[in-house]
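Structure file structure14.txt (compact mmCIF, C-alpha atoms) follows.
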# COMPACT_ATOMS: atom_id res chain seq x y z
CA MET A 18 31.19 -3.74 -31.10
CA GLU A 19 28.03 -1.64 -30.97
CA ARG A 20 28.34 1.84 -29.55
CA ILE A 21 25.94 4.53 -28.46
CA PRO A 22 26.21 7.53 -30.81
CA ILE A 23 27.23 10.89 -29.35
CA LEU A 24 26.02 13.88 -31.34
CA LYS A 25 27.61 17.30 -31.17
CA MET A 26 25.21 20.24 -31.19
CA GLY A 27 26.92 23.58 -30.74
CA GLU A 28 28.64 23.46 -27.39
CA TYR A 29 26.47 20.58 -26.21
CA LEU A 30 26.80 16.86 -26.63
CA LEU A 31 23.65 14.80 -27.15
CA VAL A 32 23.44 11.16 -26.12
CA SER A 33 20.28 9.21 -26.82
CA ILE A 34 20.18 5.72 -25.35
CA GLN A 35 17.83 3.74 -27.59
CA VAL A 36 18.86 0.21 -26.70
CA ASP A 37 18.89 -1.75 -23.48
CA MET A 38 22.09 -0.91 -21.65
CA HIS A 39 24.41 -3.69 -20.72
CA ASP A 40 27.51 -3.21 -18.65
CA ARG A 41 30.06 -3.21 -21.49
CA LEU A 42 28.01 -0.70 -23.49
CA ALA A 43 27.83 1.58 -20.45
CA LEU A 44 31.59 1.44 -19.96
CA ALA A 45 32.17 2.18 -23.65
CA LEU A 46 29.81 5.18 -23.39
CA GLN A 47 31.75 6.46 -20.41
CA ASP A 48 35.02 6.24 -22.38
CA ASP A 49 33.62 7.83 -25.53
CA LEU A 50 31.81 10.60 -23.75
CA THR A 51 34.76 11.79 -21.64
CA GLU A 52 36.94 11.73 -24.76
CA ARG A 53 34.43 13.76 -26.78
CA ILE A 54 33.95 16.32 -24.00
CA VAL A 55 37.69 17.00 -24.02
CA GLN A 56 37.90 16.90 -27.81
CA HIS A 57 35.14 19.46 -28.38
CA THR A 58 35.52 21.32 -25.07
CA ALA A 59 31.79 20.78 -24.63
CA HIS A 60 30.09 22.59 -21.77
CA GLY A 61 26.89 20.64 -21.62
CA VAL A 62 25.84 17.00 -21.96
CA LEU A 63 22.26 15.90 -22.46
CA ILE A 64 21.49 12.23 -21.94
CA ASP A 65 18.10 11.01 -23.14
CA ILE A 66 17.06 7.77 -21.43
CA SER A 67 13.39 7.76 -22.46
CA ALA A 68 13.83 4.40 -24.20
CA LEU A 69 15.54 2.82 -21.20
CA GLU A 70 13.16 0.41 -19.54
CA ILE A 71 15.39 -1.61 -17.28
CA VAL A 72 18.08 -0.32 -14.94
CA ASP A 73 20.18 -2.07 -12.36
CA SER A 74 22.46 -0.64 -9.73
CA PHE A 75 25.42 -0.72 -12.13
CA ILE A 76 23.71 1.35 -14.82
CA GLY A 77 22.36 3.71 -12.16
CA ARG A 78 25.83 4.23 -10.77
CA MET A 79 27.19 4.71 -14.30
CA ILE A 80 24.80 7.59 -14.94
CA GLY A 81 25.96 9.22 -11.72
CA ASN A 82 29.61 8.58 -12.62
CA ILE A 83 29.26 10.03 -16.09
CA ALA A 84 27.75 13.19 -14.61
CA ALA A 85 30.54 13.46 -12.04
CA MET A 86 33.25 12.96 -14.71
CA ALA A 87 31.63 15.53 -16.99
CA HIS A 88 31.53 17.95 -14.08
CA ILE A 89 35.27 17.55 -13.51
CA LEU A 90 35.76 18.27 -17.22
CA ASP A 91 33.70 21.47 -16.77
CA ALA A 92 30.52 20.25 -18.44
CA GLN A 93 27.02 20.13 -16.96
CA THR A 94 24.94 16.99 -17.37
CA VAL A 95 21.16 16.82 -17.69
CA VAL A 96 19.38 13.46 -17.77
CA VAL A 97 16.00 13.60 -19.49
CA GLY A 98 12.99 11.38 -20.06
CA MET A 99 13.36 8.95 -17.19
CA ARG A 100 10.41 6.57 -16.95
CA PRO A 101 8.44 6.30 -13.69
CA ALA A 102 9.41 2.65 -13.20
CA VAL A 103 13.08 3.49 -13.70
CA ALA A 104 12.87 6.40 -11.24
CA ILE A 105 11.24 4.19 -8.61
CA THR A 106 13.83 1.45 -9.13
CA LEU A 107 16.73 3.88 -8.75
CA VAL A 108 15.26 5.38 -5.59
CA GLU A 109 14.64 1.93 -4.12
CA LEU A 110 18.26 1.04 -4.93
CA GLY A 111 19.30 4.11 -2.97
CA LEU A 112 20.62 5.85 -6.07
CA SER A 113 18.91 9.22 -6.14
CA LEU A 114 21.72 10.67 -8.35
CA PRO A 115 22.32 13.76 -6.19
CA GLY A 116 24.71 15.55 -8.57
CA VAL A 117 22.68 15.03 -11.71
CA HIS A 118 20.25 17.56 -13.18
CA THR A 119 17.05 16.14 -14.59
CA ALA A 120 14.21 17.18 -16.88
CA LEU A 121 11.10 15.54 -18.24
CA THR A 122 11.67 16.10 -21.97
CA VAL A 123 14.59 16.84 -24.29
CA GLU A 124 13.21 20.33 -24.91
CA ARG A 125 13.11 21.16 -21.22
CA GLY A 126 16.49 19.53 -20.75
CA MET A 127 17.97 21.90 -23.31
CA ALA A 128 16.41 24.89 -21.56
CA ARG A 129 17.80 23.63 -18.25
CA LEU A 130 21.29 23.29 -19.74
CA GLN A 131 21.17 26.80 -21.12
CA GLU A 132 20.03 28.10 -17.73
CA LEU A 133 22.85 26.26 -15.97
CA LEU A 134 25.49 27.64 -18.37
CA GLU A 135 24.13 31.17 -18.10
CA THR A 136 24.41 31.18 -14.31
CA GLU A 137 27.98 30.01 -14.70
CA SER A 138 28.95 32.56 -17.35
CA PRO A 139 30.40 35.21 -14.96
CA ASN A 140 33.36 32.84 -14.56
CA GLY A 141 34.66 33.96 -17.89
CA ARG A 142 32.95 31.66 -20.35
CA ALA A 143 30.82 34.47 -21.80
CA ALA A 144 33.93 36.50 -22.48
CA SER A 145 35.54 33.81 -24.61
CA MET B 25 -16.89 -46.96 20.36
CA THR B 26 -18.93 -50.13 20.88
CA VAL B 27 -21.96 -48.63 22.63
CA LYS B 28 -24.54 -47.22 20.27
CA MET B 29 -24.62 -43.46 20.76
CA ARG B 30 -27.89 -41.97 21.92
CA LEU B 31 -27.06 -38.51 20.61
CA PRO B 32 -28.67 -38.87 17.14
CA GLU B 33 -31.83 -40.23 18.72
CA ILE B 34 -32.05 -37.42 21.25
CA LEU B 35 -31.53 -34.84 18.56
CA GLN B 36 -34.36 -36.32 16.57
CA HIS B 37 -36.94 -36.75 19.33
CA HIS B 38 -36.34 -33.79 21.58
CA GLN B 39 -35.51 -31.05 19.13
CA ALA B 40 -38.18 -28.61 20.35
CA VAL B 41 -37.15 -28.93 24.00
CA LEU B 42 -33.49 -28.63 23.09
CA VAL B 43 -34.06 -25.49 21.06
CA THR B 44 -35.95 -23.76 23.87
CA ASP B 45 -33.39 -24.73 26.46
CA TRP B 46 -30.49 -23.78 24.19
CA LEU B 47 -31.96 -20.40 23.32
CA ARG B 48 -32.47 -19.61 26.98
CA ARG B 49 -28.83 -20.36 27.68
CA GLN B 50 -27.66 -18.26 24.77
CA GLN B 51 -29.80 -15.44 26.09
CA ASP B 52 -28.23 -15.82 29.54
CA ILE B 53 -24.71 -15.54 28.18
CA LEU B 54 -25.13 -13.00 25.41
CA GLY B 55 -27.76 -10.89 27.17
CA HIS B 56 -28.56 -7.77 25.17
CA ARG B 57 -26.54 -8.95 22.15
CA ALA B 58 -29.04 -11.64 21.22
CA GLY B 59 -31.05 -10.81 18.09
CA SER B 60 -34.76 -11.18 17.60
CA GLU B 61 -36.27 -14.31 19.18
CA ARG B 62 -37.77 -15.60 15.93
CA ASP B 63 -34.50 -15.33 13.96
CA GLU B 64 -32.55 -17.00 16.74
CA ARG B 65 -35.05 -19.84 16.91
CA ALA B 66 -34.94 -20.35 13.14
CA THR B 67 -31.14 -20.44 13.18
CA ALA B 68 -31.09 -22.85 16.11
CA GLU B 69 -33.63 -25.18 14.48
CA GLN B 70 -31.73 -25.10 11.21
CA PHE B 71 -28.51 -26.01 12.97
CA LEU B 72 -30.06 -28.79 15.06
CA LYS B 73 -31.69 -30.26 11.98
CA ALA B 74 -28.37 -30.34 10.13
CA LEU B 75 -26.67 -31.76 13.23
CA GLY B 76 -29.31 -34.47 13.53
CA GLU B 77 -29.01 -35.48 9.90
CA ALA B 78 -25.24 -35.61 10.08
CA SER B 79 -25.18 -37.62 13.32
CA ARG B 80 -27.63 -40.18 11.92
CA THR B 81 -25.05 -41.18 9.31
CA GLY B 82 -23.28 -43.00 12.14
CA ASN B 83 -20.26 -40.76 12.31
CA VAL B 84 -20.57 -38.71 15.50
CA THR B 85 -16.90 -38.16 16.21
CA ASP B 86 -15.25 -36.57 13.20
CA PRO B 87 -16.96 -33.43 11.79
CA ASP B 88 -14.26 -33.06 9.13
CA GLN B 89 -15.86 -35.85 7.07
CA ALA B 90 -18.10 -35.38 4.06
CA GLU B 91 -21.30 -36.33 5.97
CA TRP B 92 -20.87 -33.16 8.03
CA SER B 93 -20.56 -30.73 5.14
CA GLY B 94 -24.18 -29.60 5.71
CA VAL B 95 -23.47 -28.74 9.33
CA ARG B 96 -20.26 -26.96 8.40
CA GLU B 97 -22.12 -24.93 5.81
CA VAL B 98 -24.80 -23.84 8.26
CA LEU B 99 -22.13 -22.95 10.83
CA SER B 100 -20.10 -20.96 8.28
CA ASP B 101 -23.14 -18.92 7.36
CA ILE B 102 -23.92 -18.23 11.00
CA SER B 103 -20.40 -17.19 11.95
CA ARG B 104 -19.99 -15.12 8.82
CA ASP B 105 -23.23 -13.26 9.57
CA ARG B 106 -22.20 -12.69 13.16
CA ALA B 107 -18.73 -11.51 12.19
CA ARG B 108 -20.24 -8.92 9.85
CA GLN B 109 -22.66 -7.81 12.55
CA GLY B 110 -19.71 -7.13 14.83
CA TYR B 111 -20.04 -10.07 17.25
CA SER B 112 -16.78 -10.99 18.97
CA SER B 113 -15.30 -14.45 18.41
CA VAL B 114 -16.31 -15.46 21.96
CA GLU B 115 -19.91 -14.50 21.30
CA THR B 116 -19.90 -16.42 18.03
CA ALA B 117 -18.43 -19.55 19.59
CA THR B 118 -20.99 -19.30 22.40
CA PHE B 119 -23.60 -20.26 19.83
CA VAL B 120 -22.17 -23.77 19.68
CA PHE B 121 -20.79 -24.10 23.20
CA SER B 122 -24.06 -23.19 24.88
CA LEU B 123 -25.68 -26.16 23.17
CA LYS B 124 -23.49 -28.38 25.34
CA GLN B 125 -25.38 -27.62 28.53
CA ALA B 126 -28.74 -28.17 26.88
CA LEU B 127 -27.61 -31.47 25.42
CA PHE B 128 -26.01 -32.64 28.69
CA ASP B 129 -29.24 -32.01 30.61
CA ARG B 130 -31.11 -34.04 28.05
CA LEU B 131 -28.53 -36.85 28.14
CA ARG B 132 -28.66 -37.03 31.93
CA GLN B 133 -32.39 -37.60 31.80
CA GLU B 134 -32.22 -40.18 29.01
CA VAL B 135 -29.14 -42.23 29.93
CA LYS B 136 -29.18 -43.82 33.39
CA ASP B 137 -26.06 -45.98 33.27
CA PRO B 138 -23.10 -43.90 34.58
CA ASP B 139 -20.52 -45.48 32.25
CA ALA B 140 -22.68 -44.97 29.18
CA LEU B 141 -23.43 -41.42 30.33
CA ALA B 142 -19.74 -40.62 30.67
CA ALA B 143 -19.09 -42.00 27.19
CA GLU B 144 -21.94 -39.91 25.77
CA PHE B 145 -20.67 -36.79 27.53
CA TRP B 146 -17.16 -37.29 26.26
CA ALA B 147 -18.22 -37.89 22.65
CA THR B 148 -20.58 -34.91 22.67
CA THR B 149 -17.92 -32.66 24.19
CA LEU B 150 -15.38 -33.64 21.57
CA LEU B 151 -17.86 -33.06 18.77
CA LEU B 152 -19.10 -29.69 19.97
CA ASP B 153 -15.59 -28.47 20.76
CA ARG B 154 -14.53 -29.11 17.21
CA LEU B 155 -17.61 -27.44 15.82
CA GLY B 156 -17.02 -24.49 18.15
CA LEU B 157 -13.44 -24.12 17.02
CA TYR B 158 -14.65 -24.30 13.45
CA THR B 159 -16.97 -21.33 14.01
CA THR B 160 -14.14 -19.29 15.53
CA GLU B 161 -11.97 -20.04 12.55
CA VAL B 162 -14.64 -18.95 10.06
CA HIS B 163 -15.35 -15.90 12.19
CA GLN B 164 -11.70 -14.90 12.15
CA LYS B 165 -11.38 -15.47 8.41
CA THR B 166 -14.40 -13.29 7.73
CA ARG B 167 -12.98 -10.52 9.89
CA GLU B 168 -9.67 -10.73 8.04
CA GLU B 169 -11.48 -10.49 4.71
CA VAL B 170 -13.32 -7.38 5.90
CA ILE B 171 -10.09 -5.80 7.09
CA GLY B 172 -8.30 -6.66 3.84
CA ARG B 173 -11.06 -5.17 1.74
CA GLN B 174 -11.12 -1.99 3.79
CA GLN B 175 -7.35 -1.63 3.51
CA GLN B 176 -7.57 -1.95 -0.26
CA GLU B 177 -10.35 0.62 -0.44
CA LEU B 178 -8.45 3.05 1.75
CA LEU B 179 -5.37 2.64 -0.40
CA GLU B 180 -7.30 3.52 -3.53
CA LEU B 181 -9.26 6.32 -1.92
CA SER B 182 -6.44 8.16 -0.33
CA THR B 183 -4.00 8.81 -3.16
CA PRO B 184 -5.46 11.38 -5.52
CA VAL B 185 -3.11 13.52 -7.58
CA VAL B 186 -4.72 16.84 -8.50
CA GLN B 187 -3.63 19.46 -10.96
CA LEU B 188 -3.52 22.88 -9.30
CA TRP B 189 -2.22 24.83 -12.25
CA ASP B 190 -0.73 24.21 -15.64
CA GLY B 191 2.50 22.46 -14.68
CA VAL B 192 1.73 22.23 -10.98
CA LEU B 193 0.51 19.02 -9.36
CA ALA B 194 -0.64 18.58 -5.78
CA LEU B 195 -0.65 15.37 -3.78
CA PRO B 196 -2.77 15.74 -0.64
CA LEU B 197 -1.76 12.87 1.62
CA ILE B 198 -4.30 11.66 4.17
CA GLY B 199 -3.46 9.04 6.75
CA THR B 200 -0.33 7.21 7.78
CA LEU B 201 2.34 6.72 5.16
CA ASP B 202 3.64 3.14 5.16
CA SER B 203 5.75 1.34 2.55
CA ALA B 204 2.77 -0.03 0.60
CA ARG B 205 1.12 3.37 0.40
CA THR B 206 4.35 5.13 -0.50
CA GLN B 207 4.65 2.78 -3.45
CA VAL B 208 1.11 3.58 -4.65
CA VAL B 209 1.56 7.31 -4.03
CA MET B 210 4.89 7.36 -5.86
CA GLU B 211 3.55 5.47 -8.84
CA SER B 212 0.47 7.63 -9.26
CA LEU B 213 2.47 10.85 -8.83
CA LEU B 214 5.12 9.85 -11.39
CA GLN B 215 2.45 8.68 -13.81
CA ARG B 216 0.68 12.03 -13.56
CA ILE B 217 3.97 13.88 -14.04
CA VAL B 218 4.43 12.04 -17.33
CA GLU B 219 0.82 12.68 -18.38
CA THR B 220 0.69 16.38 -17.54
CA GLY B 221 4.34 17.28 -18.06
CA ALA B 222 4.27 19.04 -14.71
CA GLY B 223 7.53 20.53 -13.46
CA ILE B 224 6.47 21.14 -9.88
CA ALA B 225 4.76 18.77 -7.44
CA ILE B 226 3.42 19.85 -4.07
CA ILE B 227 3.17 17.12 -1.44
CA ASP B 228 0.71 18.24 1.21
CA ILE B 229 1.00 16.37 4.52
CA THR B 230 -1.75 18.20 6.43
CA GLY B 231 -3.61 14.88 6.75
CA VAL B 232 -0.64 12.83 7.90
CA PRO B 233 -1.10 12.39 11.66
CA THR B 234 2.52 11.69 12.60
CA VAL B 235 5.86 12.03 10.90
CA ASP B 236 8.56 9.74 12.22
CA THR B 237 11.88 8.84 10.65
CA LEU B 238 10.27 6.13 8.53
CA VAL B 239 7.56 8.42 7.15
CA ALA B 240 10.17 11.09 6.46
CA GLN B 241 12.25 8.53 4.60
CA HIS B 242 9.23 7.58 2.50
CA LEU B 243 8.56 11.25 1.75
CA LEU B 244 12.15 11.80 0.69
CA LYS B 245 12.00 8.73 -1.55
CA THR B 246 8.98 10.18 -3.33
CA VAL B 247 10.74 13.52 -3.66
CA SER B 248 13.88 11.87 -5.09
CA ALA B 249 11.87 9.84 -7.61
CA ALA B 250 10.00 12.95 -8.77
CA ARG B 251 13.29 14.80 -9.08
CA LEU B 252 14.71 12.04 -11.28
CA MET B 253 11.75 12.67 -13.58
CA GLY B 254 12.65 16.33 -13.69
CA ALA B 255 9.99 17.61 -11.30
CA ASP B 256 10.75 19.70 -8.21
CA CYS B 257 8.87 18.88 -5.04
CA ILE B 258 7.59 21.18 -2.34
CA ILE B 259 6.39 19.70 0.95
CA SER B 260 3.56 21.70 2.50
CA GLY B 261 1.05 21.44 5.31
CA ILE B 262 3.61 20.95 8.06
CA ARG B 263 1.88 21.50 11.38
CA PRO B 264 3.77 23.06 14.31
CA GLN B 265 3.94 19.76 16.23
CA ILE B 266 5.23 17.97 13.14
CA ALA B 267 7.94 20.60 12.64
CA GLN B 268 8.98 20.05 16.26
CA THR B 269 9.00 16.28 15.85
CA ILE B 270 11.08 16.50 12.68
CA VAL B 271 13.72 18.59 14.41
CA HIS B 272 13.70 16.53 17.62
CA LEU B 273 14.11 13.29 15.66
CA GLY B 274 16.95 14.82 13.70
CA VAL B 275 15.27 13.97 10.40
CA ALA B 276 17.18 15.58 7.54
CA LEU B 277 14.76 16.78 4.90
CA GLY B 278 17.75 17.79 2.77
CA ASP B 279 17.29 20.67 0.41
CA VAL B 280 13.58 20.06 -0.11
CA THR B 281 11.53 23.24 -0.04
CA THR B 282 9.03 23.15 2.83
CA LYS B 283 6.05 25.42 3.46
CA ALA B 284 3.57 25.64 6.29
CA THR B 285 0.51 25.78 4.06
CA LEU B 286 -0.58 24.62 0.65
CA ALA B 287 -1.26 28.26 -0.26
CA GLY B 288 2.35 29.13 0.48
CA ALA B 289 3.55 26.24 -1.65
CA LEU B 290 1.30 27.30 -4.54
CA ALA B 291 2.70 30.83 -4.31
CA VAL B 292 6.25 29.45 -4.56
CA ALA B 293 5.26 27.25 -7.49
CA LEU B 294 3.67 30.16 -9.37
CA ALA B 295 6.69 32.35 -8.70
CA ARG B 296 8.97 29.65 -10.13
CA LEU B 297 6.81 29.51 -13.24
CA GLY B 298 7.14 33.30 -13.52
CA LEU B 299 3.46 33.86 -12.77
CA ALA B 300 1.92 36.33 -10.35
CA VAL B 301 -1.58 36.49 -8.89
CA GLY B 302 -3.08 39.96 -8.59
CA ARG B 303 -6.40 41.63 -7.91
CA ALA B 304 -8.52 42.16 -11.01
CA PRO B 305 -8.82 45.88 -11.87
CA GLY B 306 -12.07 47.55 -10.85
CA LYS B 307 -12.86 45.05 -8.08
CA ALA B 308 -12.81 46.03 -4.44

Please lay out the structure from this file as structure tokens.
Amino acid sequence: MERIPILKMGEYLLVSIQVDMHDRLALALQDDLTERIVQHTAHGVLIDISALEIVDSFIGRMIGNIAAMAHILDAQTVVVGMRPAVAITLVELGLSLPGVHTALTVERGMARLQELLETESPNGRAAS
Amino acid sequence: MTVKMRLPEILQHHQAVLVTDWLRRQQDILGHRAGSERDERATAEQFLKALGEASRTGNVTDPDQAEWSGVREVLSDISRDRARQGYSSVETATFVFSLKQALFDRLRQEVKDPDALAAEFWATTLLLDRLGLYTTEVHQKTREEVIGRQQQELLELSTPVVQLWDGVLALPLIGTLDSARTQVVMESLLQRIVETGAGIAIIDITGVPTVDTLVAQHLLKTVSAARLMGADCIISGIRPQIAQTIVHLGVALGDVTTKATLAGALAVALARLGLAVGRAPGKA
């Protein structure tokens, strides 16, 4: 079965969705990602959806769920590269992904992640 | 109808008298609205000529038939012109209905037999009523076209997205925000965010006359969509009355930054970008 690759980059995990998401693929991604976060004790997840052209309510909810799960596992999630049509669809579906951080490009997403982790560092992560 | 109708004959022989009489009646009803005498006369003669030709084909009861296409065309032109000139539908229909009186007077003089006269009256009434209704229909359609075109123009005119600074977009909204406009506004804003890579968008609602729960919802939708693209939104140009309305209606603007003026919003945007505006050295 095809899977979406998850790349480890330092303390971040990088997910680039390059194919059209279907429900089973999304569920597999959810499984893999939570496992990898625990495995690598990752503190940041960057999901690039710039190639994603079609979303439905399920995929929209999945993105929100993945972010919420990552948060429980002490990792911040940034979603980058959302297309205008996708953003409009999600808003019209009532899914404005309140807990998810967003950025326009991968570069800015990385900067945002770093910023988020820095503000959190007094909690002891910097010491480790 | 077994009796041969006199209407076509009357139209042919007494056109000049009919036109004069008809014009006088139009003048009586419309008063100051009537256009120049010569134009009115030309229009009236044109219509009577078409009516005469059509009625001579033998069909004087059903103006939906092909023989009447000439009359319909003339009438369409007239009502379309009048609609554009701002005549009301009543005034446009008067054009046809006022012909009734002129024709009836003529008929009364020409037809002496009461039964035949009644038949003539009835047929003429039916015919002119249908033509009158036809003018109202065309008039209404023309007005709808005008309104539709204006709506489209307004929609295109009123949604500019301007770049205030490198990375800062502004969206000055003018006019009421309904669902259709929100869609256009949202699309153009998101498109510009992609094009310019802007991280901050200022939505200025100085030109929005009222903010009710629906408008607020539309605003929040736009803000959410921009946020999903990684751009923060600031809502500016909130007038005192609007602030009061928002609070009285219990509209939750969430954690959206709001500012009273566009200048204030720009200052916030610059501060977020780590920029500061200062006086140039050596200038007073």

Pull out every residue of chain A that has at least one atom within 7 Å of chain B, counting all atoms listed in the file, and report them as a list of chain:residue names.
->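 That gives the following set of residues: A:Gly98, A:Met99, A:Pro101, A:Ala104, A:Ile105, A:Val108, A:Ser113, A:Thr119, A:Ala120, A:Leu121.
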
If we count only C-alpha atoms, what is near A:Ile21 at a cut-off of 8 Å, once residues fewer than 5 positions away on the same chain are taken out, given as a list in words?
->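 The neighbour list is Val32, Ser33, Ile34, Leu42 and Leu46 of chain A.
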
State, in Å with one decimal place, the distance from atom CA of A:Leu24 to atom CA of A:Leu107.
->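 If I compute the distance from atom CA of A:Leu24 to atom CA of A:Leu107, I get 26.4 Å.
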
Using all atoms listed in the file, which residues sit within 8 Å of B:Leu152 once same-chain residues fewer than 3 positions away are excluded, as JSON, numbers by chain?
-> {"B": [120, 121, 124, 148, 149, 155, 156]}

From the list A:Thr136, A:Gln56, A:Gln131, A:Gln47, which residue is nearest A:Lys25 when using only C-alpha atoms?
->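 Of all the options, A:Gln56 lies closest to A:Lys25.
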
Taken to one decimal, the atom CA of B:Cys257-atom CA of B:Gly191 distance is 12.1 Å

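Each of B:Val209, B:Ala90, B:Ile229, B:Leu54 was compared to B:Leu286 using only C-alpha atoms, and B:Ile229 turns out to be the nearest.
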
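Surrounding stretch 279-282 of chain B within 6 Å are Ile258, Ile259 and Ser260 of chain B, with only C-alpha atoms counted and residues fewer than 2 positions along the same chain left out.
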
What gap, in Å, lies between atom CA of B:Ala304 and atom CA of B:Gly261?
->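 If I compute the distance from atom CA of B:Ala304 to atom CA of B:Gly261, I get 28.1 Å.
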
What lies within 12 Å of B:Gln70 using only C-alpha atoms, ignoring chain neighbours under 2 positions off, as number ranges by chain?
-> B: 39-40, 43, 63-68, 72-77, 94-99, 101-102

Would you mind completing stretch 235-254 of chain B to N, CA and C atoms and writing the output as a PDB file, in the frame of the given file?
ATOM      1  N   VAL B 235       4.714  12.198  11.790  1.00  0.00           N
ATOM      2  CA  VAL B 235       5.860  12.030  10.900  1.00  0.00           C
ATOM      3  C   VAL B 235       7.019  11.512  11.740  1.00  0.00           C
ATOM      4  N   ASP B 236       7.376  10.262  11.540  1.00  0.00           N
ATOM      5  CA  ASP B 236       8.560   9.740  12.220  1.00  0.00           C
ATOM      6  C   ASP B 236       9.657   9.547  11.172  1.00  0.00           C
ATOM      7  N   THR B 237      10.753   8.963  11.582  1.00  0.00           N
ATOM      8  CA  THR B 237      11.880   8.840  10.650  1.00  0.00           C
ATOM      9  C   THR B 237      11.499   8.021   9.419  1.00  0.00           C
ATOM     10  N   LEU B 238      10.656   7.001   9.639  1.00  0.00           N
ATOM     11  CA  LEU B 238      10.270   6.130   8.530  1.00  0.00           C
ATOM     12  C   LEU B 238       9.412   6.886   7.515  1.00  0.00           C
ATOM     13  N   VAL B 239       8.431   7.639   8.031  1.00  0.00           N
ATOM     14  CA  VAL B 239       7.560   8.420   7.150  1.00  0.00           C
ATOM     15  C   VAL B 239       8.391   9.449   6.387  1.00  0.00           C
ATOM     16  N   ALA B 240       9.321  10.095   7.105  1.00  0.00           N
ATOM     17  CA  ALA B 240      10.170  11.090   6.460  1.00  0.00           C
ATOM     18  C   ALA B 240      10.981  10.448   5.336  1.00  0.00           C
ATOM     19  N   GLN B 241      11.470   9.246   5.618  1.00  0.00           N
ATOM     20  CA  GLN B 241      12.250   8.530   4.600  1.00  0.00           C
ATOM     21  C   GLN B 241      11.397   8.250   3.367  1.00  0.00           C
ATOM     22  N   HIS B 242      10.139   7.839   3.612  1.00  0.00           N
ATOM     23  CA  HIS B 242       9.230   7.580   2.500  1.00  0.00           C
ATOM     24  C   HIS B 242       8.963   8.848   1.704  1.00  0.00           C
ATOM     25  N   LEU B 243       8.794   9.963   2.423  1.00  0.00           N
ATOM     26  CA  LEU B 243       8.560  11.250   1.750  1.00  0.00           C
ATOM     27  C   LEU B 243       9.749  11.600   0.861  1.00  0.00           C
ATOM     28  N   LEU B 244      10.948  11.435   1.433  1.00  0.00           N
ATOM     29  CA  LEU B 244      12.150  11.800   0.690  1.00  0.00           C
ATOM     30  C   LEU B 244      12.335  10.919  -0.545  1.00  0.00           C
ATOM     31  N   LYS B 245      11.927   9.643  -0.403  1.00  0.00           N
ATOM     32  CA  LYS B 245      12.000   8.730  -1.550  1.00  0.00           C
ATOM     33  C   LYS B 245      11.129   9.260  -2.681  1.00  0.00           C
ATOM     34  N   THR B 246       9.908   9.653  -2.321  1.00  0.00           N
ATOM     35  CA  THR B 246       8.980  10.180  -3.330  1.00  0.00           C
ATOM     36  C   THR B 246       9.565  11.423  -3.977  1.00  0.00           C
ATOM     37  N   VAL B 247      10.143  12.301  -3.140  1.00  0.00           N
ATOM     38  CA  VAL B 247      10.740  13.520  -3.660  1.00  0.00           C
ATOM     39  C   VAL B 247      11.880  13.194  -4.626  1.00  0.00           C
ATOM     40  N   SER B 248      12.735  12.242  -4.241  1.00  0.00           N
ATOM     41  CA  SER B 248      13.880  11.870  -5.090  1.00  0.00           C
ATOM     42  C   SER B 248      13.396  11.319  -6.426  1.00  0.00           C
ATOM     43  N   ALA B 249      12.377  10.445  -6.376  1.00  0.00           N
ATOM     44  CA  ALA B 249      11.870   9.840  -7.610  1.00  0.00           C
ATOM     45  C   ALA B 249      11.304  10.921  -8.531  1.00  0.00           C
ATOM     46  N   ALA B 250      10.576  11.869  -7.962  1.00  0.00           N
ATOM     47  CA  ALA B 250      10.000  12.950  -8.770  1.00  0.00           C
ATOM     48  C   ALA B 250      11.120  13.797  -9.372  1.00  0.00           C
ATOM     49  N   ARG B 251      12.167  13.996  -8.580  1.00  0.00           N
ATOM     50  CA  ARG B 251      13.290  14.800  -9.080  1.00  0.00           C
ATOM     51  C   ARG B 251      13.977  14.103 -10.254  1.00  0.00           C
ATOM     52  N   LEU B 252      14.095  12.780 -10.178  1.00  0.00           N
ATOM     53  CA  LEU B 252      14.710  12.040 -11.280  1.00  0.00           C
ATOM     54  C   LEU B 252      13.894  12.195 -12.553  1.00  0.00           C
ATOM     55  N   MET B 253      12.599  12.454 -12.403  1.00  0.00           N
ATOM     56  CA  MET B 253      11.750  12.670 -13.580  1.00  0.00           C
ATOM     57  C   MET B 253      11.758  14.127 -13.990  1.00  0.00           C
ATOM     58  N   GLY B 254      12.551  14.935 -13.315  1.00  0.00           N
ATOM     59  CA  GLY B 254      12.650  16.330 -13.690  1.00  0.00           C
ATOM     60  C   GLY B 254      11.625  17.233 -13.052  1.00  0.00           C
TER      61      GLY B 254
END
